[in-house]
Every structure is written in structure tokens, then in C-alpha cells.
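Right, one structure below, let's go through it.
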Amino acid sequence: MTIALEEAPLAPAVRDMPPLRIGPLTIDVPVVLAPMAGVTNMAFRRLCREYGIGLYVTEMITTRALVERNDVTMRLIQHHESETPRSIQLYGVDPRYTGEAARIIAGEDHADHIDLNFGCPVPKVTRKGGGSALPWKRDLFRDIVAAAVDGAGDVPVTVKMRTGIDADHSTFLEAGRIAEDVGAAGVALHARSLEQSYSGTADWSAIAELKQHVTSIPVLGNGDIWSAADAVRMVEETGCDGVVVGRGCLGRPWIFGELARAFGGDAPRVDASLAFVATAFRRHAELLVEFYEDELRGCRDIRKHAGWYFKGYPVGGEMRGRFTKVDSLAQIDDLIGELDLTVPFPGDSVEGPRGRSGRARRAILPEGWLDSRELASTAGVISSAVAMRLTGRPATRTPTSNASCRNGVRSAASSHATGRECCIRRACGVSPRRRKYSAPRATPTSRVTGSPTRSRSRRSAANWLRRSVSATTSSTRRASVTTSAIRPSGTTANAR
Ligand SMILES: Cc1cc2nc3c(=O)[nH]c(=O)nc-3n(C[C@H](O)[C@H](O)[C@H](O)COP(=O)(O)O)c2cc1C
């Protein structure tokens, strides 16, 4: 059935929803654009803001790249003058880089809010113990959040996380409390575990649980908001203080207007006819060209959005294919000229999930990661001196009997099937291959319940931690020298 948006049933409004208060910031409507790598650049944030009200966050910015003032990174943290408040998400695994990155953002007035990414499920990230793997190590999690809060000064810092590694290794309640304790101004929960990735449905009951547990700062809910009605339902079911919307806005930036209205805000109502959608697509492309200062790059970026914009509209495969090859704004105009712009909003076919989904997959973690909750005692092999350097606190050693080697041996003292001694004593025949700066390869045995691995290239957590400590110690020293050397005192905004 085809229904015009004007005739669509109204989502029930939560008109008494108070504004979202994140530290000193007041967001009139408690809606946040989720950080999305490759999507939430300045162009997309501006577009979303043109339709709605809320807080619009950058894609994740690597702390080390920011501290080292990588050119691309410095561009990604820039905001347009129309963007206020400005929000940057940081990703890092080292408290010192995180603290320094936060200090740069606050000291040089790059943003009004900093979010920390503890939700990324991508193997490249979690195999280094980053993203959604990190809160498992509560000492490291605490140190990173505390360093960010300290570095950020008056700029509020929030935490975005998942429920945990998997159903047996939940972290969100404890992480929420830790964040609250060390001065975070809010926590957002994507109600899926790392193992779930984007599969199935988000478990909103976890958001309700977190809201009961964390009481002094706002709790935001995230996961599977595809419409304003979903957002209202999430607030009603969980009691959360605001919502974070990711995939639901892909190809539909005007959802922020619908969300604003659903929460009692004043935003114009749109009729999402094909003509309207084509105009929004064209505007997005134009903003991307402006952002990249390069027409070809802007048009290359818009290509991936075409499928999302035209989802549910009668725009055939051949035509969509042509949209995914555009090189210029003129080409986009020509293609739009070929569309039947009298097509009204098609209704249900536009609604529902979009963007990433996929299947649950085994968590990819540094070896031995789940053996203890403290980084300082990972696999029982980190010396006090090393732990002190990494976390600033002495190691709490896990008894070696709890450690598992990469051949699946549960005790440092025992021998495994091949008769060799345990890897973590570095006497195992399959010694780790060294690679500069990288974490150990992921291994199925990193799960507590895992079975023996056969890969020859897998290294122990101990080796990785030893190496990363010495690498980060020396590079942080280098970085801080660079930072203080090039940062003018009393710095001013350079990116608004
Ligand atoms: C393309 C894409 C990129 C993402 N990049 C980030 C990111 O940079 N930082 C982050 O914390 N989460 C990232 N996420 C996760 C989202 O912020 C959000 O938590 C997740 O999509 C669940 O919310 P949703 O159901 O509303 O999409 C990304 C998600 C997608 C689909």
C-alpha cells in the first residue's frame, strides 16, 4: 500500500522529555547521531542538522593519529561554523595518547564534547584489545576514561560501549559505574555484545538495567532505532535519557526531524517523495564536494549512499548502478532528471533495518585476554614494573594456573599434548612471530572456552604487551615532545 507521509500514523510524542544534559551542554532534544566511520563526516553531520535537533558526532578519530597531527585526522576533526555543539569521538587503547588527544581537543577548542569509543566490533580493532574488547580490562578502561576526563578539562567526556564480549562476559554495568566514578558525563549503550556484532536485535533490557545502575549521569540507548516510533518506544521501555541513532539515518538524514518532533521539538515535517529524496541526495553530494574541496572525491563518497537513499523507491537496479558510478555533480543532476519525480512516499518499503547486519561471529581478541579482568595481570606474565609503566599501578598477578597458552594449555606448569612447555614460559616450540607495533593475531583460543589453536603466527598477549609498552612509551615520549613543541601556548580555535 502506498501512503503519503502526511497520512502516516503519528509516532506517540514524549513531550515531557527533558533536554539532554551532558556536563555543561544542554541538547534541547535528547537525540544523538551515532558516530559512523566513513559516514558521519562534516558533510553528513551538516545535512542531518539541517533537518533536526541534537548532538552530531564525528566518526571515530584515532588518538595517536590526532596526537601526531596526521593531516587526514586533523581534517576529520574539523567542524563547520553551523555545527554547534561540536562533538568528536576518540578511539584509543593507551591512556596517555587518549589524555593527550583530549587535551589537544579541549586546549585548541576543536570540540565541545568528546565521546570515547568502546563499542567497535571490527576484528582489526578488537584483536588489539580495543573497541568493545577493552572494557573487559577494567584497569585499562578506567585509566583511559580518567585520562580523557583529565585531559578534556571542562569539555564533557562520554563513553559509548557494548554489553560485553559475549553473553558470558558482560561488562556494561561495571563499565558504566567506572565511567561514572572517574567523571564521565554520560554513557551510551549499544545493546549488543561484541560477539553479536550487528546480528539479531539489540537487547534493550540491558539499557534499562544500565539506567538502574548508573544514576548520576545520563544513560543513552542505542541499537535498532529505525523510526521515531522506535525511539519513543526505547525511551518508554528502558527509561533512558536519550537515544543514539546510527544505521536508521543512512539515506534518511531527515529522520532527525521526525525524532525531534517525536520528542516535542520543533522541526519541519517532510513529505519524503522521490523528488524530496533526490534533492536530499544531491545536497549530500554537494556538501561532500565542499568537505573534500574536490568534486571527484565528493562524488566518489556519495556513491555508497545511493542504495540507502533509494531503498524502497521505484528506482531500478540499472539506475542505481549508474548512481554508484557518478563522477560529477552534473552527472548526478542528469540522473535525477531521468527519475520520475512524481513518485510519492512509498510507505513501509522504506522502513525497517538498513545498513550493516550480518551474523554473530566469535570474538577476536588478543590471546589470553579473557583470562583476567586486569590488564596488569594478563596471562599472569606482566611484571610489576611493566604494569606500572602501562597503567600507573602495580600488577595484580593472576595465578599462573589460570593462564592459558596459545596452544590451549591452562596452566603454565602443565605440558600440553605435544609434550612441550607452555607458551607463556616462552619454551613452546611454536614461538611467536614478531611484527612491528601490531597486536597478536586473533585466535579462537582467546575465548575462555576455546580449543587449541594451530596457527603458527599467533603470539602471546605477553609478547604483545611487552612490545606495545616499549613502543608506546618511546613513541609517547616522542609524541609529547612534538606536541609541546608545535602547540602554541594559549592556543585558539583553528577548526570551527
Ligand atoms: C558504517 C558504520 C560505521 C560505524 N562506525 C562507528 C564508529 O566510528 N564509532 C562507534 O562508536 N561506532 C560506530 N558504529 C556503530 C554505531 O555507532 C552504532 O553503535 C551501531 O550502528 C548501532 O546503532 P544502530 O542500530 O542505530 O545502527 C558504526 C556503525 C556503522 C553501521
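Residue names in the C-alpha cells use chain letters A, B, ... in the order shown, residue numbers from 1 in each chain, and ligand numbers from 1 in the order shown.
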- prompt: Please, which residues of stretch 233-301 of chain A, numbered as in this document, come out helix (DSSP H, G or I) from DSSP, as a VMD selection string?
  reply: chain A and resid 233 to 238 247 to 249 255 to 262 274 to 292 295 to 301
Keeping C-alpha atoms for every residue in the selection just given, could you write it to a file as a PDB file, in the first residue's frame?
ATOM      1  CA  ARG A 233       9.453   3.031  22.436  1.00  0.00           C
ATOM      2  CA  MET A 234      13.073   2.710  23.545  1.00  0.00           C
ATOM      3  CA  VAL A 235      12.671   5.610  25.968  1.00  0.00           C
ATOM      4  CA  GLU A 236       9.426   4.192  27.301  1.00  0.00           C
ATOM      5  CA  GLU A 237      10.762   0.656  27.710  1.00  0.00           C
ATOM      6  CA  THR A 238      14.155   1.497  29.172  1.00  0.00           C
ATOM      7  CA  ARG A 247      22.002   2.965  10.634  1.00  0.00           C
ATOM      8  CA  GLY A 248      18.439   4.287  10.788  1.00  0.00           C
ATOM      9  CA  CYS A 249      19.603   7.603   9.337  1.00  0.00           C
ATOM     10  CA  ILE A 255      14.806  11.163  10.421  1.00  0.00           C
ATOM     11  CA  PHE A 256      16.352  13.686  12.825  1.00  0.00           C
ATOM     12  CA  GLY A 257      13.422  15.982  12.149  1.00  0.00           C
ATOM     13  CA  GLU A 258      10.995  13.151  12.864  1.00  0.00           C
ATOM     14  CA  LEU A 259      12.891  12.316  16.065  1.00  0.00           C
ATOM     15  CA  ALA A 260      12.867  15.946  17.149  1.00  0.00           C
ATOM     16  CA  ARG A 261       9.117  16.169  16.662  1.00  0.00           C
ATOM     17  CA  ALA A 262       8.524  12.876  18.435  1.00  0.00           C
ATOM     18  CA  LEU A 274      11.129  10.658  -4.588  1.00  0.00           C
ATOM     19  CA  ALA A 275      11.633  14.309  -5.556  1.00  0.00           C
ATOM     20  CA  PHE A 276      12.426  15.115  -1.912  1.00  0.00           C
ATOM     21  CA  VAL A 277      14.823  12.176  -1.592  1.00  0.00           C
ATOM     22  CA  ALA A 278      16.628  13.056  -4.823  1.00  0.00           C
ATOM     23  CA  THR A 279      17.059  16.626  -3.611  1.00  0.00           C
ATOM     24  CA  ALA A 280      18.487  15.398  -0.283  1.00  0.00           C
ATOM     25  CA  PHE A 281      20.876  13.082  -2.143  1.00  0.00           C
ATOM     26  CA  ARG A 282      22.021  15.975  -4.343  1.00  0.00           C
ATOM     27  CA  ARG A 283      22.501  18.193  -1.266  1.00  0.00           C
ATOM     28  CA  HIS A 284      24.538  15.470   0.433  1.00  0.00           C
ATOM     29  CA  ALA A 285      26.771  15.192  -2.651  1.00  0.00           C
ATOM     30  CA  GLU A 286      27.208  18.954  -2.768  1.00  0.00           C
ATOM     31  CA  LEU A 287      28.214  19.063   0.922  1.00  0.00           C
ATOM     32  CA  LEU A 288      30.684  16.220   0.347  1.00  0.00           C
ATOM     33  CA  VAL A 289      32.270  18.090  -2.548  1.00  0.00           C
ATOM     34  CA  GLU A 290      32.575  21.120  -0.287  1.00  0.00           C
ATOM     35  CA  PHE A 291      34.034  18.985   2.517  1.00  0.00           C
ATOM     36  CA  TYR A 292      36.684  17.354   0.325  1.00  0.00           C
ATOM     37  CA  GLU A 295      34.329  17.225  -6.849  1.00  0.00           C
ATOM     38  CA  LEU A 296      35.538  13.764  -7.794  1.00  0.00           C
ATOM     39  CA  ARG A 297      36.226  12.728  -4.184  1.00  0.00           C
ATOM     40  CA  GLY A 298      32.889  14.066  -3.035  1.00  0.00           C
ATOM     41  CA  CYS A 299      31.090  12.186  -5.793  1.00  0.00           C
ATOM     42  CA  ARG A 300      33.013   9.002  -5.063  1.00  0.00           C
ATOM     43  CA  ASP A 301      31.895   9.242  -1.437  1.00  0.00           C
TER      44      ASP A 301
END
- request: List all protein, DNA and RNA residues that have an atom no more than 7 Å from any atom of ligand 1, counting only C-alpha atoms and all ligand atoms, and report them as a PyMOL selection string.
  value: chain A and resi 34-39+59-60+117-120+160+190+222-225+244-248+355-356
- line: From the list A:Val315, A:Arg320, A:Leu47, A:Ile105, the nearest residue to A:Trp254 using only C-alpha atoms is A:Leu47
message: Need to verify the contact set: A:Ala191, 7 Å, only C-alpha atoms, exclusion of same-chain residues closer than 3 positions in sequence. Can you return it as a PyMOL selection string?
response: chain A and resi 162-163+202-204+206-207+222-223
Pick out the residues sitting within 9 Å of A:Pro218, and hand them over as an mmCIF file with C-alpha atoms, in the first residue's frame; count only C-alpha atoms, and ignore anything fewer than 2 positions along from it in its own chain.
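Produced file part.cif, reproduced below:
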data_model
loop_
_atom_site.group_PDB
_atom_site.id
_atom_site.type_symbol
_atom_site.label_atom_id
_atom_site.label_comp_id
_atom_site.auth_asym_id
_atom_site.auth_seq_id
_atom_site.Cartn_x
_atom_site.Cartn_y
_atom_site.Cartn_z
ATOM 1 C CA LEU A 20 19.748 16.039 27.441
ATOM 2 C CA ARG A 21 22.379 17.438 29.787
ATOM 3 C CA ILE A 22 25.918 16.306 29.136
ATOM 4 C CA ALA A 185 29.369 12.962 31.715
ATOM 5 C CA GLY A 186 27.265 10.196 30.185
ATOM 6 C CA VAL A 187 27.251 6.639 28.906
ATOM 7 C CA ALA A 188 25.697 5.234 25.756
ATOM 8 C CA LYS A 211 19.780 3.051 33.652
ATOM 9 C CA VAL A 214 24.170 4.348 36.628
ATOM 10 C CA THR A 215 22.223 7.058 38.335
ATOM 11 C CA SER A 216 24.209 10.287 38.385
ATOM 12 C CA LEU A 220 21.695 6.823 26.313
ATOM 13 C CA CYS A 240 16.942 6.041 29.041
ATOM 14 C CA ASP A 241 17.720 9.753 28.921
ATOM 15 C CA GLY A 242 18.245 9.913 25.186
#
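Rounded to one decimal, atom CA of A:Ser193 and atom CA of A:Gly164 lie 4.9 Å from each other.
Take the candidates A:Leu55, A:Glu100, A:Leu33, A:Phe263 and check each one against A:Asp230 using only C-alpha atoms; the shortest distance goes to A:Phe263.
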field: Spatial neighbours of A:Gly265, max dist 12 Å, only C-alpha atoms, sep filter under 2 positions, as a count of residues only
entry: 27
- request: May I have the residues within 8 Å of A:Arg373 as number ranges by chain, using only C-alpha atoms and disregarding those fewer than 2 positions away in the same chain?
  value: A: 136-139, 370-371, 375, 378
Could you please take those selected residues and save C-alpha atoms as a PDB file, in the first residue's frame?
ATOM      1  CA  TRP A 136      36.931  -6.282  29.872  1.00  0.00           C
ATOM      2  CA  LYS A 137      40.213  -4.932  31.229  1.00  0.00           C
ATOM      3  CA  ARG A 138      38.718  -2.725  33.869  1.00  0.00           C
ATOM      4  CA  ASP A 139      42.007  -1.134  34.931  1.00  0.00           C
ATOM      5  CA  LEU A 370      39.729 -13.205  28.939  1.00  0.00           C
ATOM      6  CA  ASP A 371      41.930 -14.875  31.498  1.00  0.00           C
ATOM      7  CA  LEU A 375      45.420  -5.793  32.048  1.00  0.00           C
ATOM      8  CA  THR A 378      47.021 -10.546  31.715  1.00  0.00           C
TER       9      THR A 378
END
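If you look at atom CA of A:Gly317 and atom CA of A:Phe345, they are 18.9 Å away from each other.
Counting only C-alpha atoms and comparing A:Glu68, A:His169, A:Leu76, A:Phe44, the residue that lies closest to A:Trp369 is A:His169.
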query: Mind checking DSSP for stretch 229-410 of chain A and telling me the strand (DSSP E) residues as a PyMOL selection string?
result: chain A and resi 242-245
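You will find atom CA of A:Thr324 at 15.1 Å from atom CA of A:Leu339.
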field: stretch 196-200 of chain A environment, 7 Å, only C-alpha atoms, sequence neighbours closer than 3 positions dropped, as a PyMOL selection string
entry: chain A and resi 121+192-193+356-361
